[in-house]
Amino acid sequence: AERIVALLAPVILLLLWEGLVQARVLDRRFFPAPSSIAGTFVQLAQTSLPGHIGISLSRAAIGFLIGAVPAILLGVVMGLMPLVRAALQPILGALFAIPKPAILPLMLLMFGLGEPSKWAIIAITVFLQVVISTTAGVASIDRIYLDVGRNYGAGRLQTLWTIALPGALPVIFAGIRLGWGVALLLLFTAEIVGAKSGLGYLIWQSWQTFNVEEMYVGIATIATIGMLSFVLLDVLEGWLIPWRSR
């Protein structure tokens, strides 16, 4: 029943939207009918949309990996070592509070208008999100498990790999989800400045030319990418953390 409702709710919303536009309750200049948006999507899918999707996904994925991998490693170390956590936590908290679009001009000064500036702004945001979640996950592990590992002669690397990392994986995945969502948000910000391709550029260019249908296509495409990526993350989490679903 829940799956049926989850499938029917968007369809009903689209039908309601279509009916309100056809009845002229909604202004089609700002809220084009879903049928009109679907027609524009088909046209763009045959021309420029696949290229925009591929470029945006590559930017988001590269920036995400650059930020997430070191964040997980540092988060595990911070969770296991209170002194390291005490030294770095205030700095990370201060950086986390800064609005990330505010540092985009700095990234442009450092890396120029090319791809590295877009990777950097995404990586910084993802890093802060994931490192805080990972630290919290490792620090919340019951100390008895760490004590048992030490009693059986586990070294630091074994403790990290067999106790800390598996125990913190549920919280780490929560941080990864948030980090990926924020990466998609920052992607739009990065692509409206100095980019000539990507979904953010498509949305911004459509706004400048008042091509509302194309703008909605770009927004819907990003939303679909976000939805599918979260489904894939759920599958990956179920594979890596099978005990959580029990």
# chains A, B, ... in the order shown; residues from 1 in each chain; ligands from 1
$ closest_atom_pairs --of "range 90-167 of chain A" --to "range 183-186 of chain A" --cutoff "10 Å" --atoms "only C-alpha atoms" --output "CSV"
residue,atom,partner,partner_atom,distance
A:Lys100,CA,A:Leu186,CA,7.9
A:Pro101,CA,A:Leu186,CA,7.5
A:Leu104,CA,A:Leu186,CA,9.7
A:Lys118,CA,A:Leu186,CA,8.6
A:Trp119,CA,A:Ala183,CA,9.6
A:Ile121,CA,A:Leu186,CA,7.3
A:Ile122,CA,A:Ala183,CA,5.4
A:Ala123,CA,A:Ala183,CA,7.9
A:Ile124,CA,A:Ala183,CA,9.6
A:Thr125,CA,A:Ala183,CA,7.2
A:Val126,CA,A:Ala183,CA,6.6
$ write_last_selection --atoms "C-alpha atoms" --output "compact mmCIF listing (two decimals), in the first residue's frame"
# COMPACT_ATOMS: atom_id res chain seq x y z
CA LYS A 100 29.50 27.94 1.07
CA PRO A 101 28.42 30.19 -1.83
CA LEU A 104 32.93 30.69 -4.32
CA LYS A 118 33.67 23.78 -9.24
CA TRP A 119 35.23 20.62 -7.80
CA ILE A 121 33.46 24.28 -3.76
CA ILE A 122 31.65 20.93 -3.84
CA ALA A 123 34.52 19.08 -2.14
CA ILE A 124 34.79 21.57 0.73
CA THR A 125 31.07 21.35 1.48
CA VAL A 126 30.99 17.56 1.27
$ residues_around --residues "Ala33 in chain A" --least-positions-apart "6" --cutoff "12 Å" --atoms "only C-alpha atoms" --output "VMD selection string"
chain A and resid 13 to 27 39 to 40 212 to 213 216 to 217
$ select_by_dssp --residues "range 23-94 of chain A" --states "alpha helix (DSSP H)" --output "MDAnalysis selection string"
chainID A and resid 34:45 49:80 82:94
$ atom_distance --atom1 "CA of Val77 in chain A" --atom2 "CA of Ala60 in chain A"
25.9 Å
$ atom_distance --atom1 "CA of Thr135 in chain A" --atom2 "CA of Val69 in chain A"
13.5 Å
$ residues_around --residues "range 86-95 of chain A" --least-positions-apart "5" --cutoff "12 Å" --atoms "only C-alpha atoms" --output "ChimeraX atom specification"
/A:71,74-75,77-81,100,102-103,124-125,127-133,135-136
$ write_last_selection --atoms "N, CA and C atoms" --output "mmCIF file, in the first residue's frame"
data_model
loop_
_atom_site.group_PDB
_atom_site.id
_atom_site.type_symbol
_atom_site.label_atom_id
_atom_site.label_comp_id
_atom_site.auth_asym_id
_atom_site.auth_seq_id
_atom_site.Cartn_x
_atom_site.Cartn_y
_atom_site.Cartn_z
ATOM 1 N N ALA A 71 37.416 12.892 4.249
ATOM 2 C CA ALA A 71 36.541 13.206 5.387
ATOM 3 C C ALA A 71 36.255 11.968 6.222
ATOM 4 N N LEU A 74 39.567 11.104 8.166
ATOM 5 C CA LEU A 74 39.803 12.041 9.262
ATOM 6 C C LEU A 74 38.739 11.902 10.340
ATOM 7 N N GLY A 75 37.488 11.658 9.946
ATOM 8 C CA GLY A 75 36.416 11.502 10.921
ATOM 9 C C GLY A 75 36.629 10.301 11.823
ATOM 10 N N VAL A 77 39.580 9.001 12.609
ATOM 11 C CA VAL A 77 40.683 9.357 13.511
ATOM 12 C C VAL A 77 40.187 10.277 14.624
ATOM 13 N N MET A 78 39.380 11.274 14.273
ATOM 14 C CA MET A 78 38.855 12.195 15.278
ATOM 15 C C MET A 78 37.950 11.478 16.274
ATOM 16 N N GLY A 79 37.178 10.503 15.788
ATOM 17 C CA GLY A 79 36.298 9.774 16.680
ATOM 18 C C GLY A 79 37.047 8.889 17.660
ATOM 19 N N LEU A 80 38.207 8.354 17.229
ATOM 20 C CA LEU A 80 38.982 7.461 18.089
ATOM 21 C C LEU A 80 39.940 8.208 19.006
ATOM 22 N N MET A 81 40.331 9.426 18.634
ATOM 23 C CA MET A 81 41.343 10.160 19.399
ATOM 24 C C MET A 81 40.749 11.462 19.914
ATOM 25 N N LYS A 100 28.538 28.384 2.077
ATOM 26 C CA LYS A 100 29.504 27.941 1.072
ATOM 27 C C LYS A 100 29.490 28.781 -0.203
ATOM 28 N N ALA A 102 29.465 31.794 -0.293
ATOM 29 C CA ALA A 102 30.268 32.975 0.021
ATOM 30 C C ALA A 102 31.743 32.765 -0.294
ATOM 31 N N ILE A 103 32.196 31.496 -0.316
ATOM 32 C CA ILE A 103 33.611 31.257 -0.606
ATOM 33 C C ILE A 103 33.840 30.932 -2.087
ATOM 34 N N ILE A 124 34.716 20.957 -0.606
ATOM 35 C CA ILE A 124 34.785 21.570 0.728
ATOM 36 C C ILE A 124 33.488 21.328 1.490
ATOM 37 N N THR A 125 32.366 21.534 0.823
ATOM 38 C CA THR A 125 31.069 21.352 1.483
ATOM 39 C C THR A 125 30.857 19.897 1.882
ATOM 40 N N PHE A 127 33.149 17.614 2.355
ATOM 41 C CA PHE A 127 34.126 17.255 3.395
ATOM 42 C C PHE A 127 33.607 17.612 4.783
ATOM 43 N N LEU A 128 33.134 18.823 4.953
ATOM 44 C CA LEU A 128 32.668 19.262 6.271
ATOM 45 C C LEU A 128 31.460 18.448 6.728
ATOM 46 N N GLN A 129 30.550 18.171 5.795
ATOM 47 C CA GLN A 129 29.346 17.416 6.156
ATOM 48 C C GLN A 129 29.699 16.000 6.580
ATOM 49 N N VAL A 130 30.561 15.339 5.810
ATOM 50 C CA VAL A 130 30.874 13.932 6.061
ATOM 51 C C VAL A 130 31.793 13.779 7.266
ATOM 52 N N VAL A 131 32.748 14.673 7.444
ATOM 53 C CA VAL A 131 33.681 14.517 8.563
ATOM 54 C C VAL A 131 32.962 14.704 9.891
ATOM 55 N N ILE A 132 32.016 15.608 9.967
ATOM 56 C CA ILE A 132 31.267 15.801 11.208
ATOM 57 C C ILE A 132 30.407 14.572 11.506
ATOM 58 N N SER A 133 29.742 14.025 10.490
ATOM 59 C CA SER A 133 28.915 12.835 10.695
ATOM 60 C C SER A 133 29.758 11.626 11.084
ATOM 61 N N THR A 135 32.748 11.585 12.512
ATOM 62 C CA THR A 135 33.266 11.769 13.873
ATOM 63 C C THR A 135 32.206 11.429 14.908
ATOM 64 N N ALA A 136 30.993 11.909 14.685
ATOM 65 C CA ALA A 136 29.907 11.626 15.630
ATOM 66 C C ALA A 136 29.596 10.138 15.677
#
$ atom_distance --atom1 "CA of Gly137 in chain A" --atom2 "CA of Leu83 in chain A"
16.7 Å
$ residues_around --residues "Ser229 in chain A" --least-positions-apart "5" --cutoff "10 Å" --atoms "only C-alpha atoms" --output "VMD selection string"
chain A and resid 177 180 to 181 223 to 224 234 to 235
$ closest_atom_pairs --of "range 53-165 of chain A" --to "range 191-210 of chain A" --cutoff "10 Å" --atoms "only C-alpha atoms" --output "tab-separated table"
residue	atom	partner	partner_atom	distance
A:Ile53	CA	A:Leu199	CA	6.3
A:Gly54	CA	A:Gly198	CA	7.8
A:Ile55	CA	A:Gly198	CA	5.5
A:Ser56	CA	A:Gly198	CA	4.9
A:Leu57	CA	A:Gly198	CA	8.6
A:Ser58	CA	A:Gly198	CA	9.8
A:Arg59	CA	A:Gly198	CA	8.9
A:Leu104	CA	A:Val193	CA	9.1
A:Pro105	CA	A:Val193	CA	9.6
A:Leu108	CA	A:Gly194	CA	9.1
A:Gly112	CA	A:Gly194	CA	9.1
A:Leu113	CA	A:Gly194	CA	5.5
A:Gly114	CA	A:Gly194	CA	7.7
A:Glu115	CA	A:Ala195	CA	8.8
A:Ser117	CA	A:Gly194	CA	10.0
A:Lys118	CA	A:Glu191	CA	7.5
$ write_last_selection --atoms "N, CA and C atoms" --output "compact mmCIF listing (two decimals), in the first residue's frame"
# COMPACT_ATOMS: atom_id res chain seq x y z
N ILE A 53 23.69 16.69 -18.60
CA ILE A 53 23.60 15.73 -17.49
C ILE A 53 24.96 15.10 -17.22
N GLY A 54 25.64 14.65 -18.27
CA GLY A 54 26.93 14.01 -18.10
C GLY A 54 27.96 14.94 -17.47
N ILE A 55 27.99 16.19 -17.91
CA ILE A 55 28.96 17.14 -17.37
C ILE A 55 28.65 17.44 -15.91
N SER A 56 27.38 17.66 -15.58
CA SER A 56 27.02 17.96 -14.19
C SER A 56 27.32 16.79 -13.27
N LEU A 57 27.00 15.57 -13.72
CA LEU A 57 27.28 14.40 -12.88
C LEU A 57 28.76 14.21 -12.66
N SER A 58 29.55 14.44 -13.69
CA SER A 58 31.00 14.29 -13.52
C SER A 58 31.54 15.33 -12.54
N ARG A 59 31.06 16.55 -12.62
CA ARG A 59 31.51 17.59 -11.68
C ARG A 59 31.11 17.22 -10.25
N LEU A 104 32.77 30.94 -2.89
CA LEU A 104 32.93 30.69 -4.32
C LEU A 104 33.84 31.72 -4.98
N PRO A 105 33.72 33.03 -4.66
CA PRO A 105 34.68 33.98 -5.26
C PRO A 105 36.13 33.65 -4.94
N LEU A 108 37.20 30.88 -7.17
CA LEU A 108 37.44 31.37 -8.52
C LEU A 108 38.77 32.09 -8.62
N GLY A 112 40.47 29.73 -10.86
CA GLY A 112 39.99 30.23 -12.14
C GLY A 112 38.57 29.77 -12.44
N LEU A 113 38.16 29.98 -13.69
CA LEU A 113 36.79 29.67 -14.10
C LEU A 113 36.63 28.24 -14.60
N GLY A 114 37.69 27.44 -14.56
CA GLY A 114 37.62 26.08 -15.08
C GLY A 114 36.98 25.11 -14.11
N GLU A 115 37.20 23.83 -14.37
CA GLU A 115 36.58 22.78 -13.57
C GLU A 115 37.09 22.72 -12.13
N SER A 117 37.66 24.88 -9.84
CA SER A 117 36.92 25.73 -8.90
C SER A 117 35.58 25.10 -8.55
N LYS A 118 34.95 24.44 -9.50
CA LYS A 118 33.67 23.78 -9.24
C LYS A 118 33.87 22.54 -8.38
$ closest_residue --among "A:Phe41, A:Phe30, A:Gly155, A:Ile66" --to "Pro116 in chain A" --atoms "only C-alpha atoms"
A:Ile66
